Every structure is written in C-alpha cells, then in structure tokens.
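To be precise, the following lines are input.cif, and they hold mmCIF, C-alpha atoms and all ligand atoms.
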data_model
#
loop_
_atom_site.label_atom_id
_atom_site.label_comp_id
_atom_site.auth_asym_id
_atom_site.auth_seq_id
_atom_site.Cartn_x
_atom_site.Cartn_y
_atom_site.Cartn_z
CA MET I 1 33.46 41.43 96.07
CA ASP I 2 34.58 44.99 96.74
CA TYR I 3 33.36 46.99 99.73
CA LYS I 4 30.71 48.98 97.81
CA GLU I 5 29.19 45.85 96.27
CA LEU I 6 29.23 44.12 99.67
CA MET I 7 27.35 47.06 101.24
CA GLU I 8 24.75 46.96 98.46
CA LYS I 9 24.27 43.21 98.47
CA ARG I 10 24.01 42.83 102.27
CA ARG I 11 20.27 43.21 102.55
CA ALA I 12 17.63 41.75 104.87
CA ILE I 13 16.64 38.69 102.82
CA ARG I 14 13.14 37.29 103.37
CA ASP I 15 12.81 34.94 100.40
CA TYR I 16 15.11 31.94 100.05
CA GLU I 17 15.82 29.19 97.56
CA ASP I 18 14.90 25.68 98.71
CA ARG I 19 18.56 24.77 99.14
CA ASP I 20 20.44 23.81 102.30
CA VAL I 21 23.50 25.65 103.54
CA PRO I 22 26.36 23.16 104.11
CA LEU I 23 27.45 23.13 107.74
CA ASP I 24 31.06 23.75 106.65
CA VAL I 25 29.99 27.02 105.03
CA VAL I 26 28.18 28.06 108.23
CA ARG I 27 31.36 27.30 110.18
CA GLU I 28 33.46 29.35 107.73
CA ILE I 29 31.12 32.33 108.14
CA ILE I 30 31.32 32.01 111.92
CA ASN I 31 35.12 31.85 111.71
CA ASP I 32 35.10 35.10 109.72
CA SER I 33 32.62 36.77 112.05
CA ILE I 34 34.80 36.34 115.15
CA LYS I 35 37.25 38.85 113.67
CA ALA I 36 34.77 41.54 114.80
CA PRO I 37 35.94 44.15 117.31
CA ASN I 38 34.84 43.33 120.83
CA ALA I 39 35.43 44.75 124.30
CA GLY I 40 38.77 43.69 125.76
CA ASN I 41 38.94 40.94 123.13
CA ARG I 42 37.02 38.84 125.66
CA GLN I 43 35.01 37.18 122.85
CA ILE I 44 32.03 36.49 125.06
CA TRP I 45 29.92 35.23 122.14
CA SER I 46 28.87 31.67 121.40
CA PHE I 47 26.75 30.14 118.65
CA ILE I 48 23.81 27.78 118.31
CA ILE I 49 23.23 26.48 114.78
CA VAL I 50 19.77 25.22 113.77
CA ASN I 51 20.30 23.66 110.37
CA SER I 52 16.81 22.20 109.87
CA LYS I 53 13.71 23.82 108.43
CA ALA I 54 11.48 21.53 110.51
CA ARG I 55 13.17 22.60 113.79
CA MET I 56 12.99 26.23 112.69
CA LYS I 57 9.25 25.89 112.01
CA GLU I 58 8.78 24.55 115.57
CA LEU I 59 10.79 27.48 116.94
CA SER I 60 8.82 29.92 114.79
CA ASP I 61 5.52 28.55 116.17
CA LEU I 62 6.85 28.86 119.72
CA ASN I 63 7.99 32.44 119.14
CA LYS I 64 4.61 33.38 117.70
CA LYS I 65 2.82 31.81 120.68
CA THR I 66 5.04 33.68 123.18
CA VAL I 67 4.58 37.05 121.48
CA LEU I 68 0.81 36.55 121.14
CA ALA I 69 0.58 35.65 124.85
CA GLY I 70 2.46 38.89 125.62
CA ILE I 71 0.02 40.89 123.48
CA GLU I 72 -2.97 39.26 125.20
CA ALA I 73 -1.49 40.14 128.61
CA ASN I 74 -0.75 43.71 127.52
CA PRO I 75 -3.01 45.06 124.76
CA ASN I 76 -0.83 48.24 124.63
CA SER I 77 2.21 46.18 123.68
CA PRO I 78 4.22 47.67 120.78
CA MET I 79 4.06 44.15 119.27
CA LYS I 80 0.29 44.59 118.77
CA VAL I 81 0.87 45.82 115.19
CA TYR I 82 2.26 42.37 114.34
CA GLU I 83 -0.78 40.50 115.71
CA PRO I 84 -2.59 39.81 112.39
CA MET I 85 0.67 38.51 110.90
CA LEU I 86 1.40 36.33 113.95
CA ARG I 87 -2.09 34.82 113.79
CA ASN I 88 -1.53 33.79 110.17
CA ASP I 89 -0.63 30.07 110.17
CA ASP I 90 1.35 30.48 106.94
CA TYR I 91 3.64 33.10 108.45
CA ASN I 92 6.98 31.72 109.55
CA VAL I 93 9.05 34.28 111.48
CA PHE I 94 12.13 32.75 109.82
CA TYR I 95 10.70 33.14 106.29
CA ASN I 96 11.32 29.44 105.51
CA ALA I 97 15.08 30.01 105.47
CA PRO I 98 17.07 26.74 105.69
CA CYS I 99 19.36 27.76 108.55
CA LEU I 100 19.33 29.83 111.72
CA VAL I 101 22.28 30.88 113.86
CA TYR I 102 21.66 32.23 117.35
CA ILE I 103 24.45 34.47 118.59
CA VAL I 104 24.35 34.12 122.36
CA GLY I 105 26.34 35.21 125.39
CA PRO I 106 26.37 35.59 129.18
CA ALA I 107 23.31 37.70 130.13
CA LYS I 108 25.20 39.68 132.78
CA ALA I 109 28.15 40.72 130.59
CA ALA I 110 28.16 44.53 130.36
CA THR I 111 29.15 44.55 126.69
CA LEU I 112 26.94 41.67 125.54
CA ALA I 113 24.77 43.73 123.20
CA PRO I 114 27.47 45.71 121.36
CA ASP I 115 29.85 42.74 121.12
CA CYS I 116 27.18 40.43 119.71
CA ALA I 117 25.72 43.11 117.41
CA LEU I 118 29.14 43.83 115.90
CA LEU I 119 29.72 40.14 115.48
CA ALA I 120 26.31 39.83 113.81
CA ALA I 121 27.26 42.56 111.33
CA TYR I 122 30.47 40.72 110.45
CA PHE I 123 28.51 37.48 110.16
CA MET I 124 26.02 39.04 107.73
CA LEU I 125 28.81 40.55 105.62
CA ALA I 126 30.81 37.29 105.57
CA ALA I 127 27.66 35.47 104.40
CA THR I 128 26.97 38.07 101.69
CA GLU I 129 30.51 37.72 100.40
CA ARG I 130 29.78 33.99 99.87
CA GLY I 131 26.56 34.65 97.93
CA LEU I 132 24.32 33.93 100.92
CA GLY I 133 21.52 36.07 102.32
CA THR I 134 20.77 36.82 105.96
CA CYS I 135 18.27 38.62 108.14
CA TRP I 136 18.45 39.43 111.84
CA VAL I 137 15.05 38.22 113.06
CA ALA I 138 14.43 39.71 116.50
CA GLN I 139 11.03 37.98 116.42
CA GLY I 140 12.89 34.67 116.59
CA GLY I 141 14.39 35.44 120.00
CA PHE I 142 11.23 35.17 122.13
CA ILE I 143 11.86 31.78 123.65
CA ARG I 144 11.23 31.58 127.39
CA ASP I 145 10.52 27.86 127.93
CA PRO I 146 13.49 26.52 129.96
CA GLU I 147 13.08 23.06 128.41
CA ILE I 148 13.37 24.45 124.87
CA LEU I 149 16.32 26.64 125.83
CA LYS I 150 17.98 23.55 127.31
CA GLU I 151 17.26 21.60 124.14
CA LEU I 152 18.86 24.44 122.17
CA GLY I 153 21.95 24.01 124.32
CA LEU I 154 21.80 27.51 125.83
CA PRO I 155 24.00 27.46 128.94
CA GLU I 156 22.54 28.62 132.27
CA GLY I 157 22.78 32.42 132.58
CA TYR I 158 23.12 32.91 128.83
CA GLN I 159 20.86 34.97 126.61
CA LEU I 160 19.84 34.71 122.96
CA VAL I 161 21.01 38.02 121.49
CA ALA I 162 20.89 37.82 117.71
CA PRO I 163 18.85 35.26 115.76
CA ILE I 164 20.26 35.41 112.21
CA ILE I 165 18.70 33.42 109.37
CA LEU I 166 20.86 32.26 106.53
CA GLY I 167 20.26 30.85 103.06
CA TYR I 168 20.60 31.35 99.33
CA PRO I 169 18.50 34.38 98.33
CA LYS I 170 15.96 34.10 95.53
CA THR I 171 16.57 37.77 94.80
CA ILE I 172 18.42 40.60 96.51
CA PRO I 173 16.09 43.58 97.00
CA PRO I 174 17.35 47.15 96.60
CA MET I 175 18.36 48.92 99.79
CA PRO I 176 15.39 50.47 101.62
CA GLU I 177 15.98 54.21 101.49
CA ARG I 178 17.93 55.76 104.34
CA ASN I 179 17.26 59.16 105.88
CA ALA I 180 20.03 61.71 105.69
CA PRO I 181 22.32 61.23 108.69
CA LYS I 182 21.65 63.63 111.56
CA ILE I 183 25.00 65.15 112.38
CA LEU I 184 24.05 67.08 115.49
CA LYS I 185 27.19 69.13 115.75
CA VAL I 186 30.70 69.42 114.38
CA LEU I 187 33.14 70.66 116.99
CA SER I 188 36.38 71.85 115.54
C1 LIG Z 201 18.08 44.31 115.72
C2 LIG Z 201 17.35 43.98 114.45
C3 LIG Z 201 16.15 43.28 114.53
C4 LIG Z 201 15.47 42.92 113.36
N1 LIG Z 201 14.35 42.14 113.45
C5 LIG Z 201 13.69 41.77 112.34
C6 LIG Z 201 12.57 40.90 112.41
O1 LIG Z 201 12.16 40.45 113.49
N2 LIG Z 201 11.96 40.53 111.26
C7 LIG Z 201 12.40 40.99 110.04
O2 LIG Z 201 11.82 40.63 109.02
N3 LIG Z 201 13.50 41.80 109.93
C8 LIG Z 201 14.15 42.21 111.03
N4 LIG Z 201 15.27 43.00 110.95
C9 LIG Z 201 15.76 43.45 109.63
C10 LIG Z 201 15.46 44.93 109.38
O3 LIG Z 201 14.06 45.08 109.17
C11 LIG Z 201 16.26 45.44 108.16
O4 LIG Z 201 17.64 45.37 108.47
C12 LIG Z 201 15.89 46.89 107.81
O5 LIG Z 201 14.57 46.95 107.30
C13 LIG Z 201 16.83 47.52 106.78
O6 LIG Z 201 16.91 46.71 105.60
P1 LIG Z 201 18.34 46.21 105.07
O7 LIG Z 201 18.91 45.30 106.14
O8 LIG Z 201 18.05 45.48 103.79
O9 LIG Z 201 19.20 47.40 104.85
C14 LIG Z 201 15.97 43.35 112.09
C15 LIG Z 201 17.19 44.05 112.03
C16 LIG Z 201 17.87 44.36 113.19
C17 LIG Z 201 19.21 45.07 113.08
#
Can I see the file as structure tokens?
Ligand SMILES: Cc1cc2nc3c(=O)[nH]c(=O)nc-3n(C[C@H](O)[C@H](O)[C@H](O)COP(=O)(O)O)c2cc1C
Amino acid sequence: MDYKELMEKRRAIRDYEDRDVPLDVVREIINDSIKAPNAGNRQIWSFIIVNSKARMKELSDLNKKTVLAGIEANPNSPMKVYEPMLRNDDYNVFYNAPCLVYIVGPAKAATLAPDCALLAAYFMLAATERGLGTCWVAQGGFIRDPEILKELGLPEGYQLVAPIILGYPKTIPPMPERNAPKILKVLS
C-alpha cells in the first residue's frame, strides 16, 4: 500500500465484520507501532490487549456508567450531548469490534500524551496496511474502579492513554471533510 492509499484507508472504523483478529497479528502491529518517534527514545508506552468481545462489552458498560455518573454530578458536563446515546442499551462504545488495545504509560511522565499519541498513529497505520480498521475511542478510557484497573493489569501509577479498537472493517467510509489548514504566519 503506498502512502496516499494508506492515508485514505486509515479511517475511524465503527462497523466491523464478526471475525476475530489473531493475537499474532495484534503483536505484529504493536511491533510496527513502536517505531514511532518518542521523547529521548525512552519508550514509556506499554500495552493491554483485550481480545474478547464479551470482556469489551463489560468494559463498555462500565465506561457508560462512569460517564453517566459524571453527567449526573455535573449537568453542565461537555459529555451531556452523549447522554441519550449512553443510555441506549444497544450502544457499545467499542462498536462491537473484536479487539481493543489500551496504550498506557506512567501518569507522571512529562511526554506521556505526545509519545502515546504518536504511537497510536503508527498503530492505526500499521493496522490499515494489514487490511484492518481501527478507531481511537476516548469514551473507552473512563475506567476509575481500582479493581477493574488491577484486573486489566494496569500497573500502579499508570494511566490509560489511548483505547484503540481493532478489527476487519465491513466498509471503509470516505474521509470526513477537513477544513483548510490555518497557517497563521509564514516567516521568511
Ligand atoms: C483523541 C481521539 C479521541 C477519539 N474518541 C472517539 C470516541 O470516543 N468515539 C468515536 O467514535 N470516535 C472517536 N475518535 C475518532 C474521531 O472521531 C475520528 O478520528 C474523526 O472523526 C476523523 O475521522 P477519521 O479518523 O476517519 O479521519 C477519536 C479520535 C481521537 C484522535
């Protein structure tokens, strides 16, 4: 796949075939993703793989509950717009994808967000190149229950940064239109 095709085919996929992703393929994608640039080559990222639709459904329900509790506590929450969707029992925040990879890292690391976001971009491109679809699902990162985080294997002091779903896409949608880039100034 050439670069242009890769850029076109890497879309947020929200509709998946009922087909598992072999763990070896997930590992290959992870091995490609760690080639991402990262501060000081410290490679502070780690991965948690959830390769089970049933476990993902449990996590989805937990996420929905946490976000809804937040909305109830703060009716001005920006998440309020999602309330009707979150109250719909048929809505799974992970869109029934067969696999989920949490990119995680030490919460106090100064470069946690950029390092993990760059890695996530590489991960999504590496998956696309293999005919897989992905979507970064921020709504899948609202897990606060220490017991669940322990069960996920999240080390003490670590944070879930990027929940990325993975699977074989039913279709690849066209790219949602982009605004013209705002180049604020050219100094020359
Ligand atoms: C940080 C981040 C968080 C996102 N969270 C969600 C989410 O919770 N649910 C969702 O369906 N898509 C989510 N997305 C996907 C975006 O909606 C999607 O990338 C955007 O609409 C552009 O579409 P494209 O990726 O096909 O170009 C997220 C993307 C990013 C980068």
>> If we count only C-alpha atoms and set the cut-off at 9 Å, which residues sit around region 88-98 of chain I, ignoring sequence neighbours fewer than 3 positions away in its own chain? Please answer as an MDAnalysis selection string.
In response: chainID I and resid 13:21 50:53 56:57 59:61 63:64 83:85 134:135 137 139:140 164:168
> Looking at I:Leu149, I:Leu125, I:Ala36, I:Leu160, which one is nearest to Glu5 (chain I), with distances taken over all atoms listed in the file?
Replying inline: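 Of I:Leu149, I:Leu125, I:Ala36, I:Leu160, the one nearest Glu5 (chain I), counting all atoms listed in the file, is I:Leu125.
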>> So the first atom is CA of Pro163 (chain I) and the second is CA of Met1 (chain I); what is the distance between them in Å, to one decimal place?
In response: 25.3 Å
> Between I:Asn38, I:Ser33, I:Thr171, I:Ser188, which is the closest to Ile103 (chain I) once you count all atoms listed in the file?
Replying inline: I:Ser33
> Between I:Glu28, I:Glu177, I:Glu151, I:Asp115, which has the minimum distance to ligand LIG 201 (chain Z) (counting only C-alpha atoms and all ligand atoms)?
Replying inline: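 Smallest separation from ligand LIG 201 (chain Z) among the options: I:Glu177.
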